[in-house]
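Here is entry.cif, consisting of mmCIF, C-alpha atoms:
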```
data_target
#
loop_
_atom_site.group_PDB
_atom_site.id
_atom_site.type_symbol
_atom_site.label_atom_id
_atom_site.label_comp_id
_atom_site.auth_asym_id
_atom_site.auth_seq_id
_atom_site.Cartn_x
_atom_site.Cartn_y
_atom_site.Cartn_z
ATOM 1 C CA MET A 122 112.599 77.650 70.748
ATOM 2 C CA SER A 123 115.200 80.090 69.446
ATOM 3 C CA PRO A 124 118.662 80.259 71.079
ATOM 4 C CA ASN A 125 117.956 83.877 72.016
ATOM 5 C CA LYS A 126 114.834 82.920 73.969
ATOM 6 C CA GLU A 127 116.739 80.110 75.653
ATOM 7 C CA ASN A 128 119.454 82.556 76.731
ATOM 8 C CA TYR A 129 116.865 84.826 78.348
ATOM 9 C CA LEU A 130 115.264 81.947 80.234
ATOM 10 C CA LYS A 131 118.655 80.755 81.424
ATOM 11 C CA THR A 132 119.582 84.230 82.653
ATOM 12 C CA ILE A 133 116.289 84.682 84.514
ATOM 13 C CA TYR A 134 116.711 81.264 86.162
ATOM 14 C CA GLU A 135 120.186 82.213 87.384
ATOM 15 C CA LEU A 136 119.010 85.612 88.633
ATOM 16 C CA ASN A 137 116.480 83.813 90.845
ATOM 17 C CA TYR A 138 119.419 83.046 93.139
ATOM 18 C CA ASP A 139 121.047 86.490 93.115
ATOM 19 C CA PHE A 140 119.127 87.907 96.092
ATOM 20 C CA THR A 141 118.051 90.954 94.116
ATOM 21 C CA LYS A 142 114.744 91.664 92.431
ATOM 22 C CA ILE A 143 114.738 90.412 88.857
ATOM 23 C CA THR A 144 114.160 93.503 86.745
ATOM 24 C CA ASN A 145 114.509 94.469 83.102
ATOM 25 C CA LYS A 146 117.564 96.535 84.082
ATOM 26 C CA ARG A 147 119.296 93.611 85.794
ATOM 27 C CA ILE A 148 118.680 91.329 82.812
ATOM 28 C CA SER A 149 119.973 94.053 80.495
ATOM 29 C CA GLU A 150 123.196 94.385 82.547
ATOM 30 C CA ILE A 151 123.895 90.660 82.720
ATOM 31 C CA MET A 152 123.164 89.966 79.045
ATOM 32 C CA ASN A 153 124.630 93.214 77.677
ATOM 33 C CA VAL A 154 121.491 93.991 75.672
ATOM 34 C CA SER A 155 119.299 97.079 75.435
ATOM 35 C CA ALA A 156 116.347 97.676 77.753
ATOM 36 C CA PRO A 157 113.833 97.728 74.846
ATOM 37 C CA SER A 158 115.129 94.345 73.685
ATOM 38 C CA VAL A 159 114.548 92.921 77.161
ATOM 39 C CA THR A 160 110.992 94.254 77.284
ATOM 40 C CA GLU A 161 110.186 92.804 73.875
ATOM 41 C CA MET A 162 111.549 89.390 74.781
ATOM 42 C CA LEU A 163 109.805 89.286 78.161
ATOM 43 C CA ASN A 164 106.511 90.007 76.458
ATOM 44 C CA ALA A 165 107.118 87.176 74.006
ATOM 45 C CA LEU A 166 108.097 84.683 76.734
ATOM 46 C CA SER A 167 105.117 85.725 78.832
ATOM 47 C CA SER A 168 102.701 85.176 75.938
ATOM 48 C CA GLU A 169 104.154 81.683 75.469
ATOM 49 C CA GLY A 170 103.620 80.795 79.125
ATOM 50 C CA TYR A 171 107.233 80.710 80.303
ATOM 51 C CA LEU A 172 107.027 83.582 82.803
ATOM 52 C CA THR A 173 104.843 86.247 84.341
ATOM 53 C CA HIS A 174 105.811 89.884 84.693
ATOM 54 C CA SER A 175 104.642 93.468 84.733
ATOM 55 C CA PRO A 176 106.612 96.730 84.622
ATOM 56 C CA TYR A 177 106.554 97.070 88.420
ATOM 57 C CA ASN A 178 106.544 93.476 89.673
ATOM 58 C CA LYS A 179 109.170 90.779 89.982
ATOM 59 C CA ILE A 180 109.672 88.587 86.923
ATOM 60 C CA VAL A 181 108.725 84.995 87.809
ATOM 61 C CA LEU A 182 109.222 81.815 85.823
ATOM 62 C CA THR A 183 106.168 79.579 85.506
ATOM 63 C CA PRO A 184 106.559 75.828 86.207
ATOM 64 C CA LYS A 185 106.871 75.376 82.437
ATOM 65 C CA GLY A 186 109.553 78.056 82.231
ATOM 66 C CA ASN A 187 111.436 76.752 85.260
ATOM 67 C CA LYS A 188 111.612 73.221 83.838
ATOM 68 C CA VAL A 189 113.024 74.430 80.526
ATOM 69 C CA SER A 190 115.410 76.880 82.211
ATOM 70 C CA GLU A 191 116.839 74.345 84.655
ATOM 71 C CA LYS A 192 117.632 71.974 81.808
ATOM 72 C CA LEU A 193 119.330 74.787 79.864
ATOM 73 C CA VAL A 194 121.400 75.844 82.879
ATOM 74 C CA ARG A 195 122.470 72.249 83.511
ATOM 75 C CA THR A 196 123.561 71.819 79.888
ATOM 76 C CA HIS A 197 125.332 75.172 79.759
ATOM 77 C CA ARG A 198 127.266 74.648 82.979
ATOM 78 C CA LEU A 199 128.376 71.136 82.020
ATOM 79 C CA TRP A 200 129.784 72.471 78.760
ATOM 80 C CA GLU A 201 131.565 75.233 80.701
ATOM 81 C CA VAL A 202 133.198 72.590 82.901
ATOM 82 C CA PHE A 203 134.300 70.630 79.826
ATOM 83 C CA LEU A 204 135.730 73.692 78.084
ATOM 84 C CA ASN A 205 137.607 74.855 81.171
ATOM 85 C CA LYS A 206 138.741 71.506 82.569
ATOM 86 C CA CYS A 207 139.418 69.532 79.393
ATOM 87 C CA LEU A 208 140.204 72.191 76.776
ATOM 88 C CA LYS A 209 141.775 74.724 79.177
ATOM 89 C CA TYR A 210 139.581 77.646 78.145
ATOM 90 C CA PRO A 211 139.968 80.540 80.623
ATOM 91 C CA VAL A 212 136.995 81.080 82.933
ATOM 92 C CA ASP A 213 136.073 84.426 81.392
ATOM 93 C CA ASN A 214 135.817 82.903 77.893
ATOM 94 C CA VAL A 215 133.817 79.709 78.432
ATOM 95 C CA HIS A 216 130.355 81.306 78.478
ATOM 96 C CA HIS A 217 130.110 82.245 74.779
ATOM 97 C CA ASN A 218 131.295 78.846 73.546
ATOM 98 C CA ALA A 219 129.091 76.953 75.991
ATOM 99 C CA ASP A 220 126.153 78.963 74.634
ATOM 100 C CA ALA A 221 126.830 77.686 71.131
ATOM 101 C CA LEU A 222 127.166 74.072 72.272
ATOM 102 C CA GLU A 223 124.129 73.957 74.559
ATOM 103 C CA HIS A 224 121.649 74.798 71.807
ATOM 104 C CA SER A 225 122.613 71.710 69.790
ATOM 105 C CA SER A 226 122.880 69.178 72.641
ATOM 106 C CA ASP A 227 120.275 66.478 73.259
ATOM 107 C CA ASP A 228 119.613 64.671 76.546
ATOM 108 C CA ASP A 229 121.689 61.616 75.634
ATOM 109 C CA LEU A 230 124.758 63.708 74.813
ATOM 110 C CA ILE A 231 124.476 65.657 78.071
ATOM 111 C CA ASP A 232 124.069 62.476 80.127
ATOM 112 C CA HIS A 233 127.249 61.089 78.544
ATOM 113 C CA LEU A 234 129.054 64.406 79.084
ATOM 114 C CA ASN A 235 128.029 64.419 82.739
ATOM 115 C CA ASP A 236 129.334 60.880 83.198
ATOM 116 C CA PHE A 237 132.581 61.751 81.409
ATOM 117 C CA LEU A 238 133.118 64.733 83.731
ATOM 118 C CA ASP A 239 132.283 62.575 86.792
ATOM 119 C CA HIS A 240 129.187 64.564 87.734
ATOM 120 C CA PRO A 241 130.798 67.902 88.691
ATOM 121 C CA GLN A 242 128.989 69.886 91.375
ATOM 122 C CA ARG A 243 129.815 73.415 90.191
ATOM 123 C CA CYS A 244 130.662 75.170 86.925
ATOM 124 C CA PRO A 245 133.871 77.244 86.576
ATOM 125 C CA HIS A 246 131.976 80.332 87.820
ATOM 126 C CA GLY A 247 130.895 78.439 90.934
ATOM 127 C CA GLY A 248 127.248 77.870 89.993
ATOM 128 C CA ILE A 249 125.667 74.622 91.184
ATOM 129 C CA ILE A 250 124.908 72.258 88.295
ATOM 130 C CA PRO A 251 121.233 71.240 88.650
ATOM 131 C CA GLY A 252 120.983 67.555 89.508
ATOM 132 C CA ASN A 253 124.605 67.370 90.688
ATOM 133 C CA GLY A 254 124.363 69.652 93.698
ATOM 134 C CA GLN A 255 124.283 66.970 96.429
ATOM 135 C CA GLY A 256 121.488 68.829 98.200
ATOM 136 C CA GLU A 257 122.972 72.282 97.600
ATOM 137 C CA THR A 258 121.625 75.011 95.331
ATOM 138 C CA ASP A 259 122.788 78.493 94.416
ATOM 139 C CA ALA A 260 120.314 79.721 97.042
ATOM 140 C CA ASP A 261 122.812 78.641 99.723
ATOM 141 C CA ASP A 262 125.147 81.466 98.656
ATOM 142 C CA LYS A 263 125.045 85.093 99.854
ATOM 143 C CA LEU A 264 125.954 88.299 98.078
ATOM 144 C CA LEU A 265 129.249 89.769 99.251
ATOM 145 C CA SER A 266 127.446 93.112 99.621
ATOM 146 C CA MET A 267 125.255 91.544 102.338
ATOM 147 C CA ILE A 268 128.159 90.504 104.576
ATOM 148 C CA SER A 269 128.894 92.449 107.763
ATOM 149 C CA ASP A 270 132.280 93.958 108.611
ATOM 150 C CA GLY A 271 134.543 91.530 110.458
ATOM 151 C CA SER A 272 133.060 88.434 108.816
ATOM 152 C CA ARG A 273 135.206 85.707 107.276
ATOM 153 C CA VAL A 274 133.809 84.213 104.076
ATOM 154 C CA GLN A 275 134.759 82.044 101.118
ATOM 155 C CA ILE A 276 134.097 83.124 97.542
ATOM 156 C CA VAL A 277 132.011 80.348 95.982
ATOM 157 C CA ARG A 278 130.356 81.867 92.900
ATOM 158 C CA VAL A 279 130.491 84.871 90.564
ATOM 159 C CA SER A 280 127.991 86.170 88.016
ATOM 160 C CA ASP A 281 128.602 85.116 84.451
ATOM 161 C CA ASN A 282 129.035 88.590 82.960
ATOM 162 C CA TYR A 283 132.035 89.160 80.669
ATOM 163 C CA ASP A 284 132.838 92.730 81.769
ATOM 164 C CA PHE A 285 132.561 91.791 85.429
ATOM 165 C CA LEU A 286 134.750 88.696 84.952
ATOM 166 C CA GLN A 287 137.457 90.879 83.394
ATOM 167 C CA TYR A 288 137.279 93.169 86.431
ATOM 168 C CA PHE A 289 137.214 90.236 88.855
ATOM 169 C CA GLY A 290 140.350 88.819 87.247
ATOM 170 C CA SER A 291 142.154 92.139 87.793
ATOM 171 C CA LEU A 292 141.516 91.955 91.552
ATOM 172 C CA ASN A 293 143.852 88.984 91.972
ATOM 173 C CA ILE A 294 141.245 86.944 93.840
ATOM 174 C CA GLU A 295 139.648 83.676 92.763
ATOM 175 C CA ILE A 296 136.734 81.394 93.491
ATOM 176 C CA ASP A 297 137.426 79.366 96.675
ATOM 177 C CA ASP A 298 139.571 82.161 98.183
ATOM 178 C CA ILE A 299 138.813 82.969 101.807
ATOM 179 C CA ILE A 300 138.603 86.680 102.629
ATOM 180 C CA GLU A 301 137.796 88.844 105.638
ATOM 181 C CA VAL A 302 135.426 91.773 105.185
ATOM 182 C CA ILE A 303 137.202 94.794 106.675
ATOM 183 C CA LYS A 304 134.842 97.684 105.993
ATOM 184 C CA HIS A 305 132.191 99.110 103.707
ATOM 185 C CA GLU A 306 133.353 102.543 102.542
ATOM 186 C CA LYS A 307 130.656 105.163 103.224
ATOM 187 C CA PHE A 308 131.747 107.477 100.411
ATOM 188 C CA ASP A 309 131.333 105.200 97.404
ATOM 189 C CA ASN A 310 129.946 101.941 98.893
ATOM 190 C CA SER A 311 133.052 100.017 97.843
ATOM 191 C CA LEU A 312 134.286 97.190 100.049
ATOM 192 C CA VAL A 313 137.711 96.623 101.602
ATOM 193 C CA VAL A 314 138.567 92.954 102.133
ATOM 194 C CA ARG A 315 141.682 91.155 103.370
ATOM 195 C CA LYS A 316 143.083 88.043 101.721
ATOM 196 C CA GLU A 317 144.646 85.204 103.716
ATOM 197 C CA ASP A 318 148.131 86.498 102.862
ATOM 198 C CA GLY A 319 147.292 89.770 104.640
ATOM 199 C CA THR A 320 146.814 91.818 101.481
ATOM 200 C CA ASN A 321 143.966 94.343 101.497
ATOM 201 C CA ILE A 322 142.041 94.980 98.283
ATOM 202 C CA THR A 323 139.136 97.263 97.469
ATOM 203 C CA ILE A 324 136.214 95.917 95.447
ATOM 204 C CA GLY A 325 133.902 98.338 93.637
ATOM 205 C CA ALA A 326 130.329 98.869 94.819
ATOM 206 C CA LYS A 327 128.783 97.363 91.687
ATOM 207 C CA ALA A 328 131.054 94.306 91.731
ATOM 208 C CA ILE A 329 130.099 93.199 95.249
ATOM 209 C CA ASP A 330 126.630 92.444 93.895
ATOM 210 C CA TYR A 331 128.208 89.995 91.424
ATOM 211 C CA ILE A 332 130.245 87.989 93.986
ATOM 212 C CA PHE A 333 128.690 85.234 96.122
ATOM 213 C CA VAL A 334 130.124 83.829 99.328
ATOM 214 C CA GLU A 335 129.545 81.387 102.182
ATOM 215 C CA ASN A 336 130.453 81.987 105.831
ATOM 216 C CA ARG A 337 133.643 80.418 107.112
#
```

Will you turn the file into structure tokens for me?
Amino acid sequence: MSPNKENYLKTIYELNYDFTKITNKRISEIMNVSAPSVTEMLNALSSEGYLTHSPYNKIVLTPKGNKVSEKLVRTHRLWEVFLNKCLKYPVDNVHHNADALEHSSDDDLIDHLNDFLDHPQRCPHGGIIPGNGQGETDADDKLLSMISDGSRVQIVRVSDNYDFLQYFGSLNIEIDDIIEVIKHEKFDNSLVVRKEDGTNITIGAKAIDYIFVENR
């Protein structure tokens, strides 16, 4: 299978836990590719038995596609942990290099890498590493956009999109931070949250669909 096809399967697997319908548009946004390219690739993956889809229905991985995708996500996230923890790559730059490494990694190498890293539970973006989750999955997380005013939550995961990660870094908040949801702005659907130090920040409407939290 080509690296490009593997990247699509990995993205679709991760979007299964994003609480939004998996659409061509969403895949296009996350992968920074054109809509026609997405359509062409989905048709190819469907014909090979990795997923089912139609223009108006949710894209669903088949058991064959899910098995391949889970393995790819596990490999990718372990390499992200290694790059960030051992080589000190910044969080917003690990994705591209992990992509290159995952496509040339066999099962034995990944098992040794996992042992070397002491079986980490989450990648630097907060995603659960399949097989290491201790009973947890990404499905345990909630979108920040779904949280009611007055709720106290902890940021546990963010979407692995380069442009979003640049924006997220500018907000001066991090994974594991605890925040209080103050209010959803009616005018532009942005969200005002309060950090533990009492600082209020406003997060854009699009970004709150890229941030995942757990109640605290």

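This file, filtered with the PyMOL selection byres ((chain A and resi 324) around 9), gives the residues Phe289, Leu292, Ser311, Leu312, Val313, Val314, Ile322, Thr323, Gly325, Ala326, Lys327, Ala328 and Ile329 of chain A.
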
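With distances restricted to all atoms listed in the file, A:His197 is the closest residue to Leu234 in chain A from A:Lys209, A:His197, A:Arg337, A:Arg273.
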
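Between Asp220 in chain A and the residues A:Leu193, A:Glu306, A:Val279, A:Phe203, the shortest atom-to-atom distance, using only C-alpha atoms, involves A:Leu193.
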
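Non-sequential neighbours of Ile303 in chain A (distance at most 9 Å, separation of 2 or more positions within a chain, all atoms listed in the file) are Ser269, Asp270, Gly271, Ser272, Glu301, His305, Leu312, Val313, Val314, Arg315 and Asn321 of chain A.
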
Expressed in Å to a single decimal, how great is the separation between CA of Ser175 in chain A and CA of Lys146 in chain A? 13.3 Å

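Shortest separation to Asp213 in chain A among A:Leu286, A:Ala156, A:Ile151, A:Leu130 occurs at residue A:Leu286, atoms counted being all atoms listed in the file.
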
Could you spell out the hits of the PyMOL selection byres ((chain A and resi 280) around 7) on the shown file, as a PyMOL selection string? chain A and resi 278-279+281-282+331-332

A straight line from CA of Ile133 in chain A to CA of Cys207 in chain A spans 28.1 Å

Show me the residues around (113.6, 76.4, 71.7) - criterion: an atom at most 12 Å away, only C-alpha atoms counted - as a PyMOL selection string. chain A and resi 122-131+166+169+171+186+189-190+192-193+223-226

Using the chain letters and residue numbers of this document, give as a PyMOL selection string the residues selected by the PyMOL selection byres ((chain A and resi 265) around 7). chain A and resi 263-264+266-268+329-330+332-334
